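> mmCIF, C-alpha atoms, saved as my_file.cif, coming up:
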```cif
data_my_file
#
loop_
_atom_site.label_atom_id
_atom_site.label_comp_id
_atom_site.auth_asym_id
_atom_site.auth_seq_id
_atom_site.Cartn_x
_atom_site.Cartn_y
_atom_site.Cartn_z
CA ILE A 120 -6.33 3.36 12.17
CA HIS A 121 -6.42 3.38 8.38
CA LEU A 122 -4.71 6.43 6.82
CA SER A 123 -3.85 7.30 3.23
CA ASP A 124 -2.69 9.96 0.78
CA LEU A 125 -0.75 12.44 2.90
CA HIS A 126 1.18 13.82 -0.12
CA ILE A 127 3.97 15.43 1.91
CA GLY A 128 5.84 17.85 -0.39
CA ASN A 129 2.76 19.02 -2.29
CA LYS A 130 3.20 22.77 -2.80
CA CYS A 131 -0.48 23.25 -2.01
CA GLN A 132 0.35 22.30 1.58
CA ASN A 133 2.31 25.49 2.22
CA GLY A 134 0.68 27.16 5.20
CA LEU A 135 -1.98 24.47 5.50
CA LEU A 136 -0.19 21.33 6.70
CA SER A 137 -0.05 22.46 10.34
CA GLN A 138 -3.80 23.11 10.23
CA THR A 139 -4.43 19.68 8.70
CA LYS A 140 -2.15 18.04 11.27
CA LYS A 141 -4.04 19.66 14.16
CA ILE A 142 -7.36 18.32 12.85
CA VAL A 143 -5.95 14.83 12.34
CA PHE A 144 -4.21 14.69 15.70
CA ASP A 145 -7.29 15.99 17.54
CA ASP A 146 -9.35 13.30 15.83
CA ILE A 147 -6.89 10.62 16.92
CA ARG A 148 -7.08 11.86 20.51
CA PHE A 149 -10.85 11.57 20.31
CA MET A 150 -10.65 8.04 18.91
CA ILE A 151 -8.25 6.93 21.65
CA SER A 152 -10.68 8.30 24.24
CA LYS A 153 -13.36 6.04 22.76
CA ILE A 154 -11.51 2.83 21.88
CA GLU A 155 -8.65 3.13 24.40
CA LYS A 156 -6.00 1.32 22.35
CA ILE A 157 -4.63 1.61 18.82
CA ASP A 158 -2.54 -1.40 17.80
CA ILE A 159 -1.89 -0.79 14.10
CA VAL A 160 -1.66 2.17 11.75
CA PHE A 161 -2.41 1.01 8.20
CA PHE A 162 -1.17 3.46 5.57
CA SER A 163 -2.30 2.69 2.02
CA GLY A 164 0.16 4.81 0.07
CA ASP A 165 1.01 8.28 -1.24
CA PHE A 166 3.01 9.31 1.81
CA VAL A 167 4.79 11.92 -0.34
CA GLN A 168 4.20 13.84 -3.58
CA GLN A 169 7.10 13.10 -5.95
CA GLY A 170 9.06 10.32 -4.27
CA ALA A 171 12.04 12.60 -3.61
CA GLN A 172 14.50 11.96 -0.80
CA TYR A 173 13.87 15.31 0.90
CA GLU A 174 10.13 14.55 1.00
CA TYR A 175 10.78 11.40 2.98
CA LEU A 176 12.73 13.50 5.51
CA LEU A 177 9.64 15.72 5.85
CA LEU A 178 7.54 12.56 6.21
CA ASP A 179 9.75 11.41 9.09
CA ASP A 180 9.05 14.68 10.87
CA PHE A 181 5.29 14.26 10.45
CA LEU A 182 5.24 10.63 11.56
CA LYS A 183 7.56 11.34 14.49
CA GLU A 184 5.02 13.82 15.82
CA LEU A 185 2.24 11.30 15.25
CA TRP A 186 4.04 8.57 17.20
CA GLU A 187 4.87 11.07 19.95
CA LEU A 188 1.11 11.54 20.25
CA PHE A 189 0.65 7.77 20.54
CA ASN A 190 3.47 7.59 23.09
CA SER A 191 1.75 10.23 25.20
CA PHE A 192 -1.02 7.65 25.66
CA ASP A 193 1.56 4.90 26.36
CA GLN A 194 0.92 3.34 22.97
CA ALA A 195 3.28 2.27 20.19
CA PRO A 196 1.23 0.92 17.29
CA TYR A 197 2.80 -0.89 14.36
CA LEU A 198 3.13 0.96 11.05
CA LEU A 199 2.10 -1.23 8.11
CA CYS A 200 2.14 0.40 4.69
CA VAL A 201 2.24 0.02 0.93
CA PRO A 202 3.52 2.55 -1.62
CA GLY A 203 1.31 4.72 -3.81
CA ASN A 204 1.88 6.17 -7.25
CA HIS A 205 3.30 9.40 -5.71
CA ASP A 206 5.79 7.46 -3.57
CA LEU A 207 7.85 6.44 -6.60
CA GLU A 208 10.33 8.82 -8.23
CA ARG A 209 9.50 9.29 -11.90
CA ILE A 210 12.18 9.93 -14.50
CA LEU A 211 12.02 13.01 -16.71
CA ASP A 212 12.89 11.16 -19.93
CA GLU A 213 9.58 9.99 -21.40
CA ASN A 214 11.57 8.38 -24.24
CA ASP A 215 13.46 6.02 -21.96
CA PRO A 216 13.04 2.66 -23.74
CA THR A 217 12.42 0.60 -20.60
CA GLN A 218 9.77 3.00 -19.35
CA LYS A 219 8.10 3.13 -22.75
CA ILE A 220 7.74 -0.64 -22.77
CA LEU A 221 6.50 -0.81 -19.18
CA THR A 222 3.93 1.95 -19.64
CA ASN A 223 2.48 0.10 -22.63
CA MET A 224 2.37 -3.33 -21.02
CA THR A 225 -1.35 -3.85 -21.01
CA ASN A 226 -0.84 -7.21 -22.74
CA GLU A 227 0.22 -10.60 -21.42
CA ASP A 228 3.96 -9.82 -21.45
CA ILE A 229 4.11 -8.44 -17.93
CA LYS A 230 1.56 -10.84 -16.55
CA ASP A 231 3.07 -14.24 -17.21
CA GLY A 232 6.64 -14.15 -18.44
CA TYR A 233 9.97 -12.39 -18.25
CA PHE A 234 8.92 -9.73 -15.74
CA TRP A 235 8.44 -12.32 -12.97
CA GLU A 236 11.86 -13.94 -13.39
CA LYS A 237 14.61 -12.32 -11.31
CA PRO A 238 16.79 -10.56 -12.32
CA ASN A 239 15.49 -8.60 -15.29
CA ALA A 240 15.71 -5.06 -16.65
CA TYR A 241 12.04 -4.24 -16.06
CA LEU A 242 12.15 -5.20 -12.39
CA SER A 243 15.42 -3.30 -11.90
CA PHE A 244 13.83 -0.19 -13.43
CA ILE A 245 10.85 -0.42 -11.08
CA GLU A 246 13.09 -1.05 -8.06
CA ASP A 247 15.02 2.12 -8.96
CA ARG A 248 11.79 4.13 -9.12
CA PHE A 249 10.84 2.97 -5.60
CA ARG A 250 14.40 3.22 -4.22
CA ASN A 251 13.70 6.25 -2.02
CA TYR A 252 10.57 4.63 -0.61
CA SER A 253 12.36 1.35 0.08
CA ASN A 254 15.32 3.12 1.71
CA TRP A 255 13.00 5.20 3.87
CA LEU A 256 11.08 2.14 5.01
CA GLU A 257 14.30 0.26 5.76
CA ARG A 258 15.75 2.99 7.95
CA SER A 259 12.53 4.10 9.63
CA THR A 260 12.33 3.38 13.34
CA PHE A 261 8.56 3.30 13.60
CA PRO A 262 7.38 -0.01 15.09
CA LYS A 263 7.16 -2.87 12.60
CA PRO A 264 6.51 -6.59 13.20
CA ASP A 265 9.62 -8.72 13.62
CA ASN A 266 8.25 -11.39 11.28
CA LEU A 267 7.55 -9.10 8.31
CA VAL A 268 8.43 -10.86 5.04
CA LYS A 269 9.24 -8.92 1.86
CA GLY A 270 7.86 -9.96 -1.51
CA TYR A 271 8.85 -9.65 -5.16
CA LEU A 272 7.96 -6.01 -5.81
CA PRO A 273 9.04 -3.02 -3.70
CA GLY A 274 6.50 -2.67 -0.90
CA ASP A 275 5.08 -6.20 -1.08
CA PHE A 276 4.96 -7.80 2.38
CA ALA A 277 3.22 -10.25 4.68
CA CYS A 278 3.24 -10.48 8.47
CA SER A 279 1.47 -12.13 11.38
CA LEU A 280 0.40 -10.29 14.53
CA LYS A 281 -0.89 -11.48 17.88
CA ILE A 282 -3.13 -8.83 19.43
CA ASN A 283 -5.62 -9.31 22.26
CA GLU A 284 -5.47 -13.11 21.83
CA LEU A 285 -6.30 -12.70 18.14
CA SER A 286 -4.01 -13.92 15.40
CA ILE A 287 -4.07 -11.43 12.52
CA GLY A 288 -2.48 -11.78 9.08
CA VAL A 289 -1.72 -8.76 6.92
CA VAL A 290 -0.70 -8.83 3.25
CA GLY A 291 0.38 -5.67 1.44
CA LEU A 292 0.78 -5.66 -2.35
CA ASN A 293 2.18 -2.98 -4.66
CA SER A 294 -0.67 -2.21 -7.07
CA THR A 295 0.93 0.91 -8.55
CA PHE A 296 4.24 -0.37 -9.97
CA LEU A 297 3.21 0.37 -13.58
CA GLN A 298 1.97 3.93 -12.92
CA LEU A 299 5.24 5.47 -14.05
CA ASN A 300 3.96 8.76 -15.47
CA GLY A 301 0.99 11.10 -15.20
CA ASP A 302 -1.30 9.31 -17.68
CA ASN A 303 -4.73 7.94 -16.82
CA TYR A 304 -4.20 4.40 -15.50
CA LEU A 305 -7.80 3.36 -14.94
CA ASN A 306 -8.07 -0.36 -15.81
CA LYS A 307 -4.32 -0.54 -16.51
CA LEU A 308 -2.92 -1.52 -13.09
CA GLY A 309 -3.26 -4.56 -10.87
CA ILE A 310 -2.09 -7.06 -8.31
CA TYR A 311 -1.11 -10.56 -9.38
CA ASN A 312 -0.94 -14.10 -8.15
CA GLN A 313 2.83 -14.03 -8.76
CA GLN A 314 3.12 -11.48 -5.95
CA ILE A 315 1.29 -13.89 -3.64
CA PHE A 316 3.44 -16.80 -4.79
CA SER A 317 6.62 -14.85 -4.04
CA LEU A 318 5.45 -14.36 -0.45
CA PHE A 319 4.01 -17.82 0.27
CA GLY A 320 4.99 -20.27 -2.47
CA GLN A 321 2.34 -23.00 -2.46
CA GLY A 322 1.40 -22.26 1.16
CA TYR A 323 -0.90 -19.23 0.74
CA PHE A 324 -4.11 -20.72 2.11
CA GLU A 325 -2.21 -22.63 4.80
CA TRP A 326 -0.80 -19.27 5.97
CA LEU A 327 -4.23 -17.66 5.91
CA GLY A 328 -5.66 -20.59 7.88
CA LYS A 329 -3.28 -19.92 10.78
CA HIS A 330 -5.02 -16.61 11.54
CA ASP A 331 -8.36 -15.66 13.03
CA PHE A 332 -8.67 -13.16 10.19
CA SER A 333 -6.47 -11.50 7.59
CA LEU A 334 -6.44 -8.14 5.83
CA LEU A 335 -5.26 -7.12 2.35
CA MET A 336 -3.82 -3.66 1.68
CA THR A 337 -3.06 -1.99 -1.67
CA HIS A 338 -2.99 1.60 -2.90
CA GLN A 339 -5.50 1.31 -5.74
CA SER A 340 -8.91 -0.31 -5.37
CA PRO A 341 -10.09 -3.10 -7.72
CA GLU A 342 -11.83 -0.81 -10.21
CA TRP A 343 -8.36 0.33 -11.31
CA TYR A 344 -7.22 -3.20 -12.20
CA GLU A 345 -6.90 -4.50 -15.75
CA SER A 346 -9.00 -7.52 -16.71
CA LYS A 347 -6.46 -10.29 -16.06
CA SER A 348 -5.50 -8.83 -12.70
CA LEU A 349 -9.14 -8.42 -11.71
CA LYS A 350 -9.79 -12.08 -12.52
CA GLU A 351 -6.79 -13.18 -10.43
CA TYR A 352 -7.94 -10.86 -7.63
CA HIS A 353 -11.35 -12.55 -7.49
CA ASP A 354 -10.29 -16.12 -8.32
CA GLU A 355 -6.95 -16.50 -6.54
CA ILE A 356 -6.22 -13.60 -4.16
CA TYR A 357 -9.41 -12.32 -2.49
CA THR A 358 -11.27 -15.61 -2.55
CA LYS A 359 -13.56 -17.42 -0.13
CA ASP A 360 -11.99 -17.61 3.36
CA SER A 361 -9.07 -15.36 2.45
CA PHE A 362 -9.43 -11.76 3.66
CA LEU A 363 -11.87 -10.07 5.98
CA GLU A 364 -11.36 -6.71 4.28
CA HIS A 365 -9.36 -4.95 1.57
CA LEU A 366 -7.89 -1.58 2.61
CA CYS A 367 -6.92 0.92 -0.10
CA GLY A 368 -6.74 4.64 -0.94
CA HIS A 369 -5.87 6.68 -4.04
CA MET A 370 -9.36 8.10 -4.72
CA HIS A 371 -9.23 10.62 -1.80
CA GLU A 372 -12.91 10.01 -0.95
CA PRO A 373 -14.11 7.57 1.73
CA ILE A 374 -16.06 4.69 0.21
CA THR A 375 -16.89 1.31 1.74
CA THR A 376 -18.37 -1.39 -0.49
CA VAL A 377 -19.62 -4.86 0.34
CA ASN A 378 -20.17 -7.17 -2.65
CA SER A 379 -21.23 -10.79 -2.94
CA VAL A 380 -20.98 -12.65 -6.25
CA ASN A 381 -22.83 -15.91 -6.99
CA GLY A 382 -23.55 -16.60 -3.34
CA PHE A 383 -19.95 -16.36 -2.15
CA PRO A 384 -19.28 -14.60 1.17
CA SER A 385 -19.25 -10.83 0.69
CA LYS A 386 -16.04 -8.94 -0.05
CA ARG A 387 -15.43 -5.74 1.88
CA VAL A 388 -13.37 -2.94 0.30
CA ASN A 389 -12.58 0.17 2.35
CA LEU A 390 -11.26 3.25 0.52
CA CYS A 391 -9.66 5.69 2.95
CA PRO A 392 -10.10 9.45 2.55
CA SER A 393 -7.04 11.56 1.81
CA LEU A 394 -5.15 13.06 4.75
CA PHE A 395 -4.41 16.01 2.48
#
```
Please re-express this file's structure in structure tokens.

Amino acid sequence: IHLSDLHIGNKCQNGLLSQTKKIVFDDIRFMISKIEKIDIVFFSGDFVQQGAQYEYLLLDDFLKELWELFNSFDQAPYLLCVPGNHDLERILDENDPTQKILTNMTNEDIKDGYFWEKPNAYLSFIEDRFRNYSNWLERSTFPKPDNLVKGYLPGDFACSLKINELSIGVVGLNSTFLQLNGDNYLNKLGIYNQQIFSLFGQGYFEWLGKHDFSLLMTHQSPEWYESKSLKEYHDEIYTKDSFLEHLCGHMHEPITTVNSVNGFPSKRVNLCPSLF
């Protein structure tokens, strides 16, 4: 199952979340009656609304009920997820010098240099913004693969799964680490080859080749990426023989696109509708 954009903690949910939950849970019961087994729940970000600690406690309550539903069918699917722009905790000081630099990094500075060399002040700032998300994920008891590898940015991961004799690779990348305030970030975000390198070194395509198919998951879809990121996405990340499909959210409307450029095998991007 691919889920996204739950936004637990949104004040608009008052009085409505139980109604939404009933619809979602009834739909899952229907799906299980048709496909019999659910092995993985992919969640492409925006679990919560403001990234606050108390919201993650509310999230635990929601997910606990969801996994109790799975357990009632003798199922315990893995939870694989990436953070969204509402899963980070923003600071109130818009004049913070580190944030001001990061929110204006639409140039080459963040793409090729200092930012990708641990430790540095920019990375530390971003890690602090995602601290509640990272702590929640670390302590959560929902099933996760034993071989899950963490990457450079909070939420980056890779793992391998063996399901029904199929070998499946999953890569999750944080595409929202620069969305640090409420501005319009269209064409200002991205995923980068450095994130892939942190996970695999020089062995990216060797890792992909060990699987029958692999999936990529981010929060934002490619139309949100800045030009350099979009080029790396096409040339180095989602290339020929890399991923079967790219799962994402953020837009709240379900859209599936299949594109082929210059005769290359088509690229499938699946935007998940919002849970709330």
> Name the closest residue to Leu176 (chain A) among the candidates A:Ile127, A:Leu242, A:Leu272, A:Leu394; distances are taken between atoms, counting all atoms listed in the file.
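Under the stated criterion, the closest residue is A:Ile127.
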> For region 334-338 of chain A, work out the shell of residues within 10 Å, counting only C-alpha atoms and skipping chain neighbours fewer than 5 positions away, then give it as a ChimeraX atom specification.
/A:123-124,161-165,199-204,274-277,287-295,309-310,327,356-357,361-370,388-391
> Figure out the distance between CA of Asp145 (chain A) and CA of Asn283 (chain A), please, to one decimal in Å.
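Computing it gives 25.8 Å between the two atoms.
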> Using the file's own x, y and z axes, so that the box edges lie along x, y and z, what centre and edge lengths in Å (one decimal) does a box around every listed atom of region 144-148 of chain A get when 6 Å is added on each side? Give it as AutoDock Vina command-line options.

```
--center_x -6.8 --center_y 13.3 --center_z 18.1 --size_x 17.1 --size_y 17.4 --size_z 16.8
```
> Between A:Ala171, A:Leu318, A:Ile157, A:Leu308, which has the minimum distance to Leu267 (chain A) (counting all atoms listed in the file)?
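Smallest distance to Leu267 (chain A) is found for A:Leu318.
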> Which residues match the PyMOL selection byres ((chain A and resi 252) around 8) in the file above, as number ranges by chain?
A: 170, 175, 202, 206-207, 249-251, 253-256
> Measuring between only C-alpha atoms, which one of A:Ser393, A:Ser333, A:Thr375, A:Gln313 shows the shortest distance to Glu351 (chain A)?
A:Gln313
> Evaluate the PyMOL selection byres ((chain A and resi 181) around 12) on the structure here and hand back the selected residues as a list in words.
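Selected by the PyMOL selection byres ((chain A and resi 181) around 12) in this file: Leu125, His126, Ile127, Gly128, Leu136, Ser137, Thr139, Lys140, Lys141, Val143, Phe144, Phe166, Val167, Glu174, Tyr175, Leu176, Leu177, Leu178, Asp179, Asp180, Leu182, Lys183, Glu184, Leu185, Trp186, Glu187, Leu188, Phe261 and Leu394 of chain A.
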